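Here is the file work.cif (mmCIF, C-alpha atoms).
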data_input
loop_
_atom_site.label_atom_id
_atom_site.label_comp_id
_atom_site.auth_asym_id
_atom_site.auth_seq_id
_atom_site.Cartn_x
_atom_site.Cartn_y
_atom_site.Cartn_z
CA MET A 1 35.80 -31.22 -21.37
CA LEU A 2 37.16 -32.86 -18.22
CA VAL A 3 39.95 -30.29 -18.07
CA ARG A 4 37.41 -27.50 -18.41
CA ILE A 5 35.32 -28.91 -15.52
CA LEU A 6 38.41 -29.27 -13.34
CA VAL A 7 39.51 -25.70 -14.09
CA LEU A 8 36.02 -24.42 -13.31
CA ALA A 9 35.86 -26.37 -10.04
CA LEU A 10 39.31 -25.14 -9.05
CA ALA A 11 38.36 -21.53 -9.87
CA THR A 12 35.20 -21.89 -7.77
CA CYS A 13 37.22 -23.23 -4.82
CA VAL A 14 39.77 -20.43 -5.15
CA VAL A 15 37.01 -17.79 -5.18
CA ALA A 16 35.26 -19.45 -2.21
CA ALA A 17 38.53 -19.65 -0.29
CA ALA A 18 39.36 -16.07 -1.16
CA ASP A 19 36.05 -14.92 0.28
CA ALA A 20 36.29 -17.03 3.43
CA GLU A 21 37.94 -14.20 5.34
CA ILE A 22 37.17 -10.50 5.33
CA PRO A 23 39.14 -8.94 2.47
CA HIS A 24 42.22 -7.24 3.88
CA ARG A 25 41.69 -3.60 4.80
CA PRO A 26 44.92 -1.65 4.35
CA GLY A 27 45.99 0.73 7.07
CA ASP A 28 45.57 3.74 4.80
CA ALA A 29 41.91 3.02 3.97
CA LEU A 30 39.94 6.21 4.57
CA GLU A 31 37.62 6.16 7.58
CA PHE A 32 34.38 8.00 6.95
CA THR A 33 31.19 8.86 8.83
CA PRO A 34 28.11 10.01 6.94
CA ARG A 35 26.26 13.00 8.32
CA TYR A 36 22.88 11.23 8.19
CA PRO A 37 23.61 7.62 9.17
CA LEU A 38 21.32 4.63 8.78
CA TRP A 39 19.85 3.33 12.04
CA SER A 40 21.03 -0.24 12.66
CA ASP A 41 19.34 -1.31 15.88
CA GLY A 42 21.55 1.04 17.89
CA MET A 43 24.80 -0.64 16.93
CA ASP A 44 28.01 1.35 16.59
CA LYS A 45 29.35 1.43 13.06
CA ARG A 46 32.69 2.25 11.48
CA ARG A 47 33.21 2.62 7.75
CA TRP A 48 36.29 2.62 5.55
CA LEU A 49 36.83 3.25 1.85
CA GLN A 50 39.78 2.30 -0.27
CA LEU A 51 40.33 3.27 -3.90
CA PRO A 52 42.98 1.72 -6.16
CA ALA A 53 46.19 3.78 -6.27
CA GLY A 54 46.03 6.67 -8.71
CA THR A 55 42.22 6.60 -9.02
CA ALA A 56 39.56 8.97 -7.73
CA ILE A 57 35.78 9.20 -7.53
CA ASP A 58 34.30 11.00 -10.55
CA LYS A 59 31.98 13.54 -8.92
CA ALA A 60 30.73 15.17 -12.15
CA ASP A 61 27.20 14.08 -11.23
CA ALA A 62 26.79 15.23 -7.64
CA ASP A 63 23.96 12.76 -7.11
CA ALA A 64 25.60 9.71 -8.65
CA TRP A 65 29.28 9.60 -7.83
CA ASP A 66 31.10 7.24 -10.16
CA PHE A 67 33.43 5.04 -8.12
CA PRO A 68 36.48 3.59 -9.88
CA ARG A 69 36.70 -0.13 -10.59
CA GLY A 70 38.37 -1.78 -7.63
CA ALA A 71 36.81 0.58 -5.05
CA ARG A 72 36.24 -1.29 -1.78
CA ALA A 73 34.28 -0.37 1.33
CA TRP A 74 34.00 -1.99 4.73
CA LYS A 75 31.38 -1.39 7.40
CA GLU A 76 31.92 -2.85 10.84
CA PHE A 77 29.02 -3.23 13.30
CA SER A 78 29.71 -3.45 17.05
CA ARG A 79 27.60 -3.79 20.16
CA ASP A 80 28.99 -3.06 23.63
CA GLY A 81 32.47 -2.78 22.13
CA LYS A 82 32.34 -6.22 20.49
CA ARG A 83 32.35 -6.66 16.74
CA VAL A 84 29.17 -8.33 15.49
CA GLU A 85 29.18 -8.08 11.72
CA THR A 86 31.28 -6.71 8.86
CA ARG A 87 29.82 -5.89 5.48
CA PHE A 88 31.98 -5.50 2.39
CA ILE A 89 31.23 -3.99 -1.02
CA GLU A 90 33.52 -3.99 -4.00
CA ARG A 91 33.22 -2.57 -7.49
CA LEU A 92 34.39 -5.19 -9.96
CA ALA A 93 36.29 -4.74 -13.23
CA ASP A 94 33.07 -5.00 -15.26
CA GLY A 95 31.48 -2.15 -13.30
CA SER A 96 29.12 -4.35 -11.28
CA TRP A 97 29.18 -4.56 -7.48
CA ARG A 98 29.49 -7.50 -5.15
CA TYR A 99 28.37 -7.74 -1.56
CA LEU A 100 29.74 -9.97 1.19
CA THR A 101 28.72 -10.21 4.83
CA TYR A 102 30.78 -11.65 7.67
CA ALA A 103 29.50 -12.72 11.10
CA TRP A 104 31.83 -12.37 14.09
CA ASN A 105 31.95 -15.00 16.83
CA ALA A 106 30.52 -14.29 20.29
CA SER A 107 33.78 -12.84 21.58
CA GLY A 108 34.26 -10.68 18.48
CA THR A 109 37.65 -12.20 17.69
CA ALA A 110 37.04 -14.09 14.41
CA ALA A 111 34.62 -13.66 11.53
CA THR A 112 33.24 -16.08 8.95
CA LEU A 113 31.45 -15.50 5.67
CA ALA A 114 27.66 -15.49 6.17
CA PRO A 115 25.69 -17.77 3.85
CA GLU A 116 23.75 -16.46 0.85
CA GLU A 117 20.49 -16.57 2.82
CA GLY A 118 22.02 -14.53 5.69
CA ILE A 119 21.56 -15.40 9.37
CA PRO A 120 18.03 -14.15 10.14
CA GLU A 121 18.17 -14.96 13.86
CA ARG A 122 21.19 -12.66 14.19
CA GLY A 123 19.74 -9.97 11.96
CA ILE A 124 22.35 -10.57 9.27
CA PRO A 125 20.70 -9.92 5.90
CA SER A 126 20.59 -12.24 2.92
CA ARG A 127 22.43 -11.30 -0.26
CA ALA A 128 19.01 -10.58 -1.88
CA ASP A 129 18.20 -8.16 0.93
CA CYS A 130 21.58 -6.44 0.38
CA LEU A 131 20.48 -5.75 -3.19
CA ALA A 132 16.99 -4.62 -2.12
CA CYS A 133 18.46 -1.55 -0.40
CA HIS A 134 21.76 -0.99 -2.17
CA GLU A 135 20.45 -1.26 -5.72
CA GLY A 136 17.55 1.14 -5.18
CA ALA A 137 19.79 4.19 -5.01
CA PRO A 138 21.59 5.80 -7.97
CA VAL A 139 24.89 4.35 -6.67
CA PRO A 140 24.92 1.10 -4.69
CA ILE A 141 27.55 2.25 -2.22
CA LEU A 142 25.27 4.09 0.20
CA GLY A 143 26.41 6.77 2.60
CA TYR A 144 29.25 8.05 0.41
CA SER A 145 27.61 10.93 -1.45
CA ALA A 146 27.50 14.70 -1.72
CA VAL A 147 24.23 14.83 0.26
CA GLN A 148 25.94 12.98 3.10
CA LEU A 149 28.51 15.81 3.27
CA SER A 150 25.88 18.55 3.20
CA THR A 151 25.26 20.71 6.23
CA ALA A 152 22.35 22.51 4.61
CA LEU A 153 19.65 19.91 5.14
CA PRO A 154 17.09 20.19 7.92
CA PRO A 155 17.82 17.23 10.26
CA ALA A 156 14.47 15.55 9.53
CA LEU A 157 15.10 15.56 5.78
CA GLY A 158 18.63 14.28 6.35
CA TYR A 159 17.26 11.45 8.51
CA LEU A 160 14.68 10.47 5.88
CA HIS A 161 17.35 10.60 3.17
CA GLY A 162 19.78 8.40 5.10
CA ASN A 163 17.22 5.89 6.31
CA CYS A 164 14.52 5.78 3.62
CA GLY A 165 15.72 7.53 0.44
CA HIS A 166 17.67 4.62 -1.03
CA CYS A 167 14.32 2.87 -1.72
CA HIS A 168 11.87 5.76 -1.54
CA ASN A 169 12.98 7.66 -4.60
CA ASP A 170 11.31 8.22 -7.94
CA ALA A 171 13.61 5.81 -9.80
CA ALA A 172 13.31 2.76 -7.52
CA LEU A 173 9.62 2.89 -6.60
CA PRO A 174 7.91 5.25 -9.06
CA ALA A 175 4.49 3.71 -8.41
CA LEU A 176 4.47 5.04 -4.84
CA GLU A 177 5.13 8.66 -5.80
CA LEU A 178 6.96 9.14 -2.50
CA SER A 179 10.37 10.76 -2.68
CA LEU A 180 12.42 10.87 0.51
CA ALA A 181 15.81 11.15 -1.23
CA GLN A 182 17.52 14.52 -1.45
CA GLN A 183 19.69 15.70 -4.33
CA ALA A 184 22.84 17.72 -3.73
CA SER A 185 22.52 19.31 -7.17
CA GLU A 186 19.12 20.78 -6.33
CA LEU A 187 18.54 20.63 -2.61
CA SER A 188 15.56 22.97 -2.52
CA ALA A 189 13.79 21.19 -5.39
CA SER A 190 14.26 17.74 -3.85
CA ALA A 191 13.08 19.04 -0.47
CA ALA A 192 9.99 20.51 -2.14
CA ARG A 193 9.33 17.15 -3.80
CA THR A 194 9.58 15.42 -0.41
CA TYR A 195 7.09 17.83 1.15
CA ALA A 196 4.74 17.49 -1.83
CA THR A 197 4.74 13.69 -1.74
CA LEU A 198 4.34 13.48 2.04
CA ILE A 199 2.08 16.23 3.30
CA GLY A 200 -1.63 15.64 2.98
CA ARG A 201 -1.08 12.74 0.57
CA ALA A 202 -3.26 9.65 0.95
CA SER A 203 -1.29 6.70 2.26
CA ARG A 204 -1.23 3.52 0.17
CA PHE A 205 -0.67 1.61 3.40
CA ARG A 206 -3.90 1.71 5.34
CA PRO A 207 -3.75 0.74 9.01
CA HIS A 208 -6.84 -1.33 9.89
CA GLY A 209 -9.58 0.92 11.16
CA ALA A 210 -8.14 4.13 9.67
CA ALA A 211 -10.71 5.82 7.45
CA ASN A 212 -8.60 8.18 5.38
CA PRO A 213 -4.98 7.79 6.42
CA GLN A 214 -2.42 10.30 5.23
CA ARG A 215 1.33 10.01 5.00
CA VAL A 216 1.91 13.15 7.06
CA VAL A 217 -0.65 15.37 8.78
CA PRO A 218 1.12 18.59 9.85
CA GLY A 219 0.87 19.04 13.61
CA GLN A 220 -0.35 15.47 14.16
CA PRO A 221 2.38 12.83 14.28
CA ALA A 222 -0.06 10.29 15.79
CA GLN A 223 -2.23 10.62 12.67
CA SER A 224 0.73 10.38 10.28
CA VAL A 225 1.31 6.95 8.74
CA LEU A 226 5.01 7.81 8.37
CA VAL A 227 5.35 7.79 12.16
CA THR A 228 3.01 4.80 12.61
CA ARG A 229 5.25 2.70 10.44
CA MET A 230 8.51 3.95 11.99
CA LYS A 231 7.17 3.09 15.46
CA SER A 232 5.82 -0.37 14.64
CA ASN A 233 7.40 -3.61 15.82
CA ASP A 234 5.24 -5.66 13.46
CA PRO A 235 7.42 -6.85 10.54
CA LEU A 236 4.43 -6.46 8.19
CA THR A 237 4.05 -2.79 9.11
CA ARG A 238 7.38 -1.37 10.19
CA MET A 239 9.65 0.81 8.10
CA PRO A 240 12.36 0.21 7.12
CA PRO A 241 11.12 -3.31 6.35
CA LEU A 242 14.51 -5.00 6.50
CA GLY A 243 17.78 -4.73 8.37
CA VAL A 244 16.01 -3.37 11.47
CA SER A 245 14.24 -5.00 14.40
CA VAL A 246 14.56 -2.30 17.09
CA VAL A 247 12.59 0.94 16.76
CA ASP A 248 14.81 4.04 16.47
CA ALA A 249 13.30 6.05 19.33
CA GLY A 250 15.53 9.03 18.54
CA GLY A 251 14.50 8.98 14.89
CA VAL A 252 10.81 8.71 15.81
CA ALA A 253 11.21 11.67 18.19
CA LEU A 254 12.97 13.74 15.52
CA ILE A 255 10.33 13.09 12.86
CA SER A 256 7.44 13.51 15.34
CA ARG A 257 8.82 16.87 16.48
CA TRP A 258 9.27 17.97 12.87
CA ILE A 259 5.65 17.09 12.04
CA GLU A 260 4.30 18.56 15.26
CA GLN A 261 6.22 21.83 15.26
CA GLU A 262 8.00 22.77 12.06
CA LEU A 263 5.44 21.48 9.56
CA GLN A 264 2.55 22.91 11.52
CA GLN A 265 4.30 26.27 11.76
CA ALA A 266 5.06 26.20 8.04
CA GLN A 267 1.42 25.46 7.32
CA LYS A 268 0.26 28.37 9.49
CA GLU A 269 2.62 30.72 7.68
CA ALA A 270 1.63 29.50 4.22
CA PRO A 271 -0.30 32.11 2.24
CA MET B 1 0.30 10.86 -56.66
CA THR B 2 3.05 8.43 -57.37
CA LEU B 3 5.61 7.23 -54.91
CA SER B 4 9.22 6.77 -55.77
CA ARG B 5 10.56 3.23 -55.61
CA ARG B 6 12.68 4.19 -52.62
CA THR B 7 9.67 5.58 -50.70
CA THR B 8 7.59 2.51 -51.54
CA LEU B 9 10.37 0.24 -50.34
CA PHE B 10 10.71 2.27 -47.13
CA LEU B 11 6.98 2.03 -46.44
CA ILE B 12 6.92 -1.72 -47.06
CA ILE B 13 9.87 -2.31 -44.74
CA THR B 14 8.40 -0.05 -42.03
CA ALA B 15 5.05 -1.85 -42.24
CA ALA B 16 6.79 -5.21 -42.04
CA ILE B 17 8.79 -4.18 -38.96
CA LEU B 18 5.72 -2.67 -37.29
CA SER B 19 3.69 -5.76 -38.01
CA SER B 20 6.44 -7.97 -36.62
CA VAL B 21 6.73 -5.84 -33.45
CA LEU B 22 2.96 -5.93 -32.93
CA ALA B 23 2.82 -9.66 -33.53
CA HIS B 24 5.62 -10.15 -31.03
CA ALA B 25 3.79 -8.00 -28.45
CA GLU B 26 0.60 -10.00 -29.05
CA ASP B 27 2.54 -13.23 -28.68
CA LYS B 28 3.94 -11.98 -25.38
CA VAL B 29 0.50 -11.04 -24.02
CA ALA B 30 -0.93 -14.37 -25.19
CA ARG B 31 1.93 -16.22 -23.52
CA GLY B 32 1.32 -14.20 -20.34
CA LYS B 33 -2.37 -15.05 -20.39
CA TYR B 34 -1.52 -18.72 -20.85
CA LEU B 35 0.85 -18.63 -17.87
CA VAL B 36 -1.61 -16.72 -15.66
CA THR B 37 -4.45 -19.12 -16.41
CA THR B 38 -2.38 -22.28 -16.01
CA SER B 39 -0.27 -21.26 -13.01
CA GLY B 40 -3.18 -20.88 -10.61
CA CYS B 41 -3.23 -17.06 -10.35
CA HIS B 42 -7.04 -16.95 -10.59
CA ASP B 43 -7.36 -19.54 -7.82
CA CYS B 44 -6.55 -16.93 -5.19
CA HIS B 45 -6.51 -13.53 -6.90
CA THR B 46 -10.04 -13.80 -8.38
CA PRO B 47 -12.74 -13.85 -5.67
CA TRP B 48 -14.88 -16.96 -5.62
CA VAL B 49 -18.67 -16.89 -5.41
CA MET B 50 -21.12 -19.67 -4.69
CA GLY B 51 -23.04 -20.98 -7.70
CA PRO B 52 -25.42 -23.87 -8.31
CA LYS B 53 -22.48 -26.21 -8.80
CA GLY B 54 -20.46 -24.87 -5.86
CA PRO B 55 -17.84 -22.11 -5.56
CA HIS B 56 -16.25 -20.74 -8.70
CA PRO B 57 -14.12 -17.68 -9.61
CA ASP B 58 -16.15 -14.54 -10.32
CA MET B 59 -14.59 -13.50 -13.62
CA THR B 60 -16.35 -10.12 -13.53
CA ARG B 61 -13.78 -9.29 -10.85
CA ALA B 62 -10.94 -11.22 -12.44
CA LEU B 63 -7.60 -10.90 -10.62
CA SER B 64 -8.85 -8.02 -8.44
CA GLY B 65 -7.76 -9.67 -5.18
CA HIS B 66 -9.51 -9.88 -1.84
CA PRO B 67 -12.68 -7.75 -2.04
CA ALA B 68 -12.44 -4.75 0.28
CA ASP B 69 -16.23 -4.81 0.69
CA PHE B 70 -16.23 -8.35 2.09
CA PRO B 71 -15.96 -7.88 5.86
CA LEU B 72 -14.47 -10.76 7.80
CA PRO B 73 -14.68 -11.62 11.47
CA PRO B 74 -11.43 -12.69 13.16
CA ALA B 75 -10.13 -15.97 11.71
CA PRO B 76 -10.91 -19.20 13.57
CA LYS B 77 -8.22 -20.39 15.96
CA PRO B 78 -6.01 -23.21 14.63
CA SER B 79 -6.93 -26.59 16.03
CA GLY B 80 -4.54 -29.56 16.09
CA PRO B 81 -3.05 -30.20 12.68
CA TRP B 82 -5.58 -27.82 11.03
CA ILE B 83 -3.50 -24.67 10.99
CA VAL B 84 -4.74 -22.84 7.90
CA SER B 85 -8.18 -21.34 7.16
CA ALA B 86 -9.40 -19.73 3.95
CA SER B 87 -12.32 -17.37 3.40
CA ALA B 88 -15.26 -18.35 1.17
CA THR B 89 -13.82 -16.05 -1.51
CA ASN B 90 -10.51 -17.97 -1.39
CA THR B 91 -8.83 -14.56 -1.15
CA ALA B 92 -8.09 -14.35 2.60
CA TRP B 93 -5.89 -16.89 4.32
CA SER B 94 -5.13 -17.31 8.00
CA GLY B 95 -2.15 -19.31 9.22
CA PRO B 96 0.96 -19.10 11.39
CA TRP B 97 2.06 -16.06 9.34
CA GLY B 98 -1.05 -14.04 10.28
CA VAL B 99 -3.82 -13.22 7.81
CA SER B 100 -2.93 -12.54 4.20
CA PHE B 101 -5.18 -11.01 1.57
CA THR B 102 -4.52 -11.60 -2.11
CA ALA B 103 -3.40 -8.56 -4.10
CA ASN B 104 -5.23 -6.68 -6.81
CA LEU B 105 -3.33 -7.57 -9.99
CA THR B 106 -5.52 -5.58 -12.39
CA SER B 107 -4.30 -2.50 -14.21
CA ASP B 108 -6.09 -0.10 -11.85
CA ALA B 109 -3.69 2.79 -11.20
CA GLU B 110 -4.57 3.42 -7.56
CA THR B 111 -5.38 -0.03 -6.18
CA GLY B 112 -3.82 -2.43 -8.69
CA LEU B 113 -0.55 -2.75 -10.59
CA GLY B 114 -1.30 0.18 -12.95
CA LYS B 115 1.70 2.23 -11.86
CA TRP B 116 4.08 -0.63 -11.28
CA THR B 117 7.12 -1.01 -13.50
CA LEU B 118 8.18 -4.33 -14.96
CA LYS B 119 11.19 -4.16 -12.64
CA ASN B 120 8.95 -3.74 -9.58
CA PHE B 121 7.03 -6.85 -10.65
CA LYS B 122 10.09 -8.97 -11.37
CA ASP B 123 11.80 -7.83 -8.17
CA THR B 124 8.68 -8.81 -6.19
CA ILE B 125 8.55 -12.36 -7.55
CA ARG B 126 12.32 -12.86 -7.36
CA SER B 127 12.82 -11.45 -3.84
CA GLY B 128 9.51 -12.36 -2.21
CA ARG B 129 9.21 -8.78 -1.00
CA HIS B 130 6.54 -6.25 -1.87
CA MET B 131 7.87 -4.31 -4.88
CA GLY B 132 11.16 -6.12 -4.28
CA ARG B 133 11.98 -3.89 -1.32
CA GLY B 134 9.14 -3.87 1.21
CA ARG B 135 7.53 -6.38 3.54
CA GLU B 136 7.66 -10.09 2.81
CA ILE B 137 5.01 -11.59 0.54
CA LEU B 138 3.07 -14.06 2.67
CA PRO B 139 1.77 -17.59 2.08
CA PRO B 140 -0.01 -19.08 0.28
CA MET B 141 1.64 -17.10 -2.54
CA PRO B 142 4.06 -19.70 -3.92
CA ILE B 143 7.09 -17.42 -4.16
CA PRO B 144 9.55 -20.31 -3.62
CA MET B 145 8.26 -21.84 -6.86
CA TYR B 146 7.39 -18.73 -8.85
CA LYS B 147 10.80 -17.16 -8.27
CA ASN B 148 12.03 -19.78 -10.75
CA PHE B 149 10.05 -18.30 -13.66
CA SER B 150 12.36 -17.18 -16.46
CA ASP B 151 12.74 -13.47 -17.18
CA ALA B 152 10.83 -13.98 -20.44
CA ASP B 153 7.91 -15.62 -18.60
CA LEU B 154 7.74 -12.86 -15.96
CA GLU B 155 7.82 -10.25 -18.71
CA ALA B 156 4.99 -12.04 -20.52
CA ILE B 157 2.93 -12.32 -17.32
CA PHE B 158 3.37 -8.62 -16.59
CA ALA B 159 2.53 -7.70 -20.21
CA TYR B 160 -0.72 -9.65 -19.88
CA LEU B 161 -1.58 -8.21 -16.44
CA ARG B 162 -1.35 -4.72 -17.92
CA THR B 163 -4.20 -5.66 -20.27
CA VAL B 164 -6.49 -6.94 -17.50
CA PRO B 165 -9.36 -4.43 -17.13
CA PRO B 166 -8.95 -2.22 -14.07
CA VAL B 167 -11.04 -3.07 -11.01
CA LYS B 168 -10.97 -0.51 -8.20
CA ASN B 169 -10.50 -2.57 -5.06
CA ARG B 170 -8.19 -1.54 -2.25
CA VAL B 171 -7.07 -4.77 -0.61
CA PRO B 172 -6.55 -4.56 3.18
CA GLU B 173 -3.09 -4.83 4.69
CA PRO B 174 -2.11 -8.23 6.13
CA LEU B 175 -2.67 -8.87 9.81
CA PRO B 176 0.08 -10.07 12.16
CA PRO B 177 -0.09 -13.54 13.79
CA SER B 178 -2.50 -13.93 16.73
CA SER B 179 -4.29 -10.78 15.70
CA SER B 180 -7.81 -10.51 17.00
CA VAL B 181 -8.56 -7.66 14.62
CA ALA B 182 -11.24 -8.25 12.04
CA ALA B 183 -10.47 -7.30 8.45
CA ASN B 184 -12.42 -4.36 7.13
#
Turn the structure described in the file into C-alpha cells.
Amino acid sequence: MLVRILVLALATCVVAAADAEIPHRPGDALEFTPRYPLWSDGMDKRRWLQLPAGTAIDKADADAWDFPRGARAWKEFSRDGKRVETRFIERLADGSWRYLTYAWNASGTAATLAPEEGIPERGIPSRADCLACHEGAPVPILGYSAVQLSTALPPALGYLHGNCGHCHNDAALPALELSLAQQASELSASAARTYATLIGRASRFRPHGAANPQRVVPGQPAQSVLVTRMKSNDPLTRMPPLGVSVVDAGGVALISRWIEQELQQAQKEAP
Amino acid sequence: MTLSRRTTLFLIITAAILSSVLAHAEDKVARGKYLVTTSGCHDCHTPWVMGPKGPHPDMTRALSGHPADFPLPPAPKPSGPWIVSASATNTAWSGPWGVSFTANLTSDAETGLGKWTLKNFKDTIRSGRHMGRGREILPPMPIPMYKNFSDADLEAIFAYLRTVPPVKNRVPEPLPPSSSVAAN
C-alpha cells in the first residue's frame, strides 16, 4: 500500500512538473489563422497545430474533424507586442482533451501555469470556463474546421459562427432554439436555420422595460436583443458571457450593418 | 387462444424488465423529490405568501420562481453590516452582486425547465453558469455547496423537476449592482 501511495505521489509530481512550463512547440508546428476569429478583447493571437508524425486529421465529417491522438495546439495572446497568455490543448491517448493555460509575466519573457480557477483579474479563464466553450462544439479544438476555411459565408454569419456558434448550436443548448453555428456540409441549410432562429423570434432574455423583445428585428439593430447583448458591459447581460470584457466595436458595427441593411433589404424583397 | 411456452416466457420476462425499469424510474423521481424538499429548493424557488401564522411557501405556485406579476421598487440601500435584502416572497434578493430573482424550475416549456436537457441542468449546477455556458448564477443560490451533489443525485433532482406541474411565469433578468431600476 505504501509503495502504491509513493508511486501515485511521484506520478502526480511528475505530471505537475511536466505541466509547469508551456509544452514545447516544435519549429515545424503549422501556424494557422481562422477566417472568422474569436474576439479576445482586441488582443493579437497566433495559433499553431502539431500532429504526431505520420498522422492526419480525418475530415470525413466536414463538420466534426477527427483529430488524431497526440494532436496539440497552442494559442498565444499578445498586447502591444508583449505576450500575455498562452493556451494549450492536447488530445490524449484515450481520445479525451486536456486544457492548460499559462500566464506570462509583465515583460512577456516567462510564463507559468495558471491555477485551476484561472486568474480572473487578468481575464485568464478557469479550467471550467475552458470546457464551457470548447466542449459545446462538435470538436473541442475550435477554429480548426472546414467552415473556418470557407470563403462562401456572408461576413456576419462567419462572425456569429466564430464568436457564438460553439455554444449557440442545437446540440449544446437545444432549449434555446438558437443556432448561430454554420455547417460546411450544408452551408445554405445552416444559414437558413440561423435566419429562422434569429429573425422575428421572441428573445428569452428580456431587457428590463422591453415589452416584446425580439432577437433580431430587420432594419432595427437598436431593437435587436442580439446587438443589445453584444454591446453591453454588464457581465449579467453581455455576450459572449465569458472570456471577454471589452466590447468588440467592429463586431457590433458589422452585425448592426447587417441587420440594418442586408436583412431589411432581404425582407423587402421577400415574396 | 393458447400461447406457446416460449411466448409466455418472453412475455413474463418483458413484463418483469418493464416493471423493474418503471420501479427504478419511480425510485429516481422519489429520490429527487426527497432531495428537493430537504435541500431548501422551495425556500427560495416557491414564492412565499403571508398567512395567519406568518409567511409560508405558496405550494399552488411550487418552484415557479420569482413571480413576474409582483412588481418591486428599487431595493433598499445597504446600511452598515446589513448588506442583503429579500423580498416578501423570498424570491428576490438584493446584495453586492445586484438583484437576483429565483428561477422557474417547473416543467413549463417556455418559462421553466421544460426544454432543458439533463446535461444543461448538470452543467449549470457544476459550473455555476446559466445552462453551464452563460452568465454566472448569483447568490443566494448555494452553488458552492450544490456543485458537490453526485451525478446520481442531480439526475434524480432533474427527473423530479420534470414532473413538477408547469407554471407559466417568466422570471425577470437579474439587475446589476447599484442599479436603480425597479423590477417589472
**Complete:** chain B proximity check over A:Cys133, A:Val217, A:Ala93, A:Ile199, using all atoms listed in the file: winner is A:Cys133
**Request:** For CA of Arg69 in chain A and CA of Glu90 in chain A, quote the distance in Å rounded to one decimal.
**Result:** 8.3 Å
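The smallest atom-to-atom distance between Pro57 in chain B and any of B:Thr14, B:Thr91, B:Ser85, B:Ser79, using only C-alpha atoms, is found for B:Thr91.
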Within 10 Å of chain A, which residues of chain B show up? Give each one with its shortest atom-to-atom distance in Å (one decimal) and the two atoms involved, counting only C-alpha atoms, rows by chain then rising residue number, as CSV.
residue,atom,partner,partner_atom,distance
B:Trp97,CA,A:Leu236,CA,10.0
B:Gly98,CA,A:Leu236,CA,9.6
B:Ala109,CA,A:Ala175,CA,8.7
B:Glu110,CA,A:Arg204,CA,8.4
B:Thr111,CA,A:Arg204,CA,8.4
B:Leu113,CA,A:Ala175,CA,8.5
B:Gly114,CA,A:Ala175,CA,8.2
B:Lys115,CA,A:Ala175,CA,4.7
B:Trp116,CA,A:Ala175,CA,5.2
B:Thr117,CA,A:Ala175,CA,7.4
B:Lys119,CA,A:Ala172,CA,8.9
B:Asn120,CA,A:Leu173,CA,7.3
B:Asp123,CA,A:Ala132,CA,8.6
B:Arg126,CA,A:Ala128,CA,8.9
B:Ser127,CA,A:Ala128,CA,6.6
B:Gly128,CA,A:Ala128,CA,9.7
B:Arg129,CA,A:Ala132,CA,8.9
B:His130,CA,A:Pro241,CA,9.9
B:Met131,CA,A:Leu173,CA,7.6
B:Gly132,CA,A:Ala132,CA,6.4
B:Arg133,CA,A:Ala132,CA,5.1
B:Gly134,CA,A:Pro241,CA,5.5
B:Arg135,CA,A:Pro241,CA,5.5
B:Glu136,CA,A:Leu236,CA,7.2
B:Ile137,CA,A:Leu236,CA,9.2
B:Leu138,CA,A:Leu236,CA,9.5
B:Arg170,CA,A:Arg204,CA,8.9
B:Val171,CA,A:Arg206,CA,9.4
B:Pro172,CA,A:Arg206,CA,7.1
B:Glu173,CA,A:Arg206,CA,6.6
B:Pro174,CA,A:Leu236,CA,7.1
B:Leu175,CA,A:Leu236,CA,7.7
B:Pro176,CA,A:Leu236,CA,6.9
B:Pro177,CA,A:Asp234,CA,9.5
B:Val181,CA,A:His208,CA,8.1
B:Ala182,CA,A:His208,CA,8.5
B:Ala183,CA,A:His208,CA,7.1
B:Asn184,CA,A:His208,CA,6.9
**Request:** I would like the residues chosen by the PyMOL selection byres ((chain B and resi 58) around 9) on the shown file; could you give them as a PyMOL selection string?
**Result:** chain B and resi 46-49+56-57+59-62
**Request:** Go through the shown structure with the PyMOL selection byres ((chain B and resi 139) around 10) and write out the matching residues as a PyMOL selection string.
**Result:** chain B and resi 93-102+136-138+140-143
**Item:** Minimum-distance residue to Asn105 in chain A, chosen among A:Val225, A:Arg83, A:Gln183, A:Ile124 (using all atoms listed in the file)
**Value:** A:Arg83
**Request:** List every protein, DNA or RNA residue with an atom no more than 10 Å from (-12.9, -18.0, 11.6) in the file's coordinates, counting all atoms listed in the file, and format the result as a list of chain:residue names.
**Result:** B:Leu72, B:Pro73, B:Pro74, B:Ala75, B:Pro76, B:Lys77, B:Pro78, B:Ser85, B:Ala86, B:Ser87, B:Ser94, B:Ala182
Starting from the PyMOL selection byres ((chain A and resi 164) around 9), expand the selection into actual residues of this file and give them as a PDB file with C-alpha atoms, in the frame of the given file.
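Once everything was written out, this is selection38.pdb:
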ATOM      1  CA  LEU A  38      21.320   4.630   8.780  1.00  0.00           C
ATOM      2  CA  TYR A 159      17.260  11.450   8.510  1.00  0.00           C
ATOM      3  CA  LEU A 160      14.680  10.470   5.880  1.00  0.00           C
ATOM      4  CA  HIS A 161      17.350  10.600   3.170  1.00  0.00           C
ATOM      5  CA  GLY A 162      19.780   8.400   5.100  1.00  0.00           C
ATOM      6  CA  ASN A 163      17.220   5.890   6.310  1.00  0.00           C
ATOM      7  CA  GLY A 165      15.720   7.530   0.440  1.00  0.00           C
ATOM      8  CA  HIS A 166      17.670   4.620  -1.030  1.00  0.00           C
ATOM      9  CA  CYS A 167      14.320   2.870  -1.720  1.00  0.00           C
ATOM     10  CA  HIS A 168      11.870   5.760  -1.540  1.00  0.00           C
ATOM     11  CA  ASN A 169      12.980   7.660  -4.600  1.00  0.00           C
ATOM     12  CA  LEU A 180      12.420  10.870   0.510  1.00  0.00           C
ATOM     13  CA  ALA A 181      15.810  11.150  -1.230  1.00  0.00           C
ATOM     14  CA  MET A 239       9.650   0.810   8.100  1.00  0.00           C
ATOM     15  CA  PRO A 240      12.360   0.210   7.120  1.00  0.00           C
TER      16      PRO A 240
END
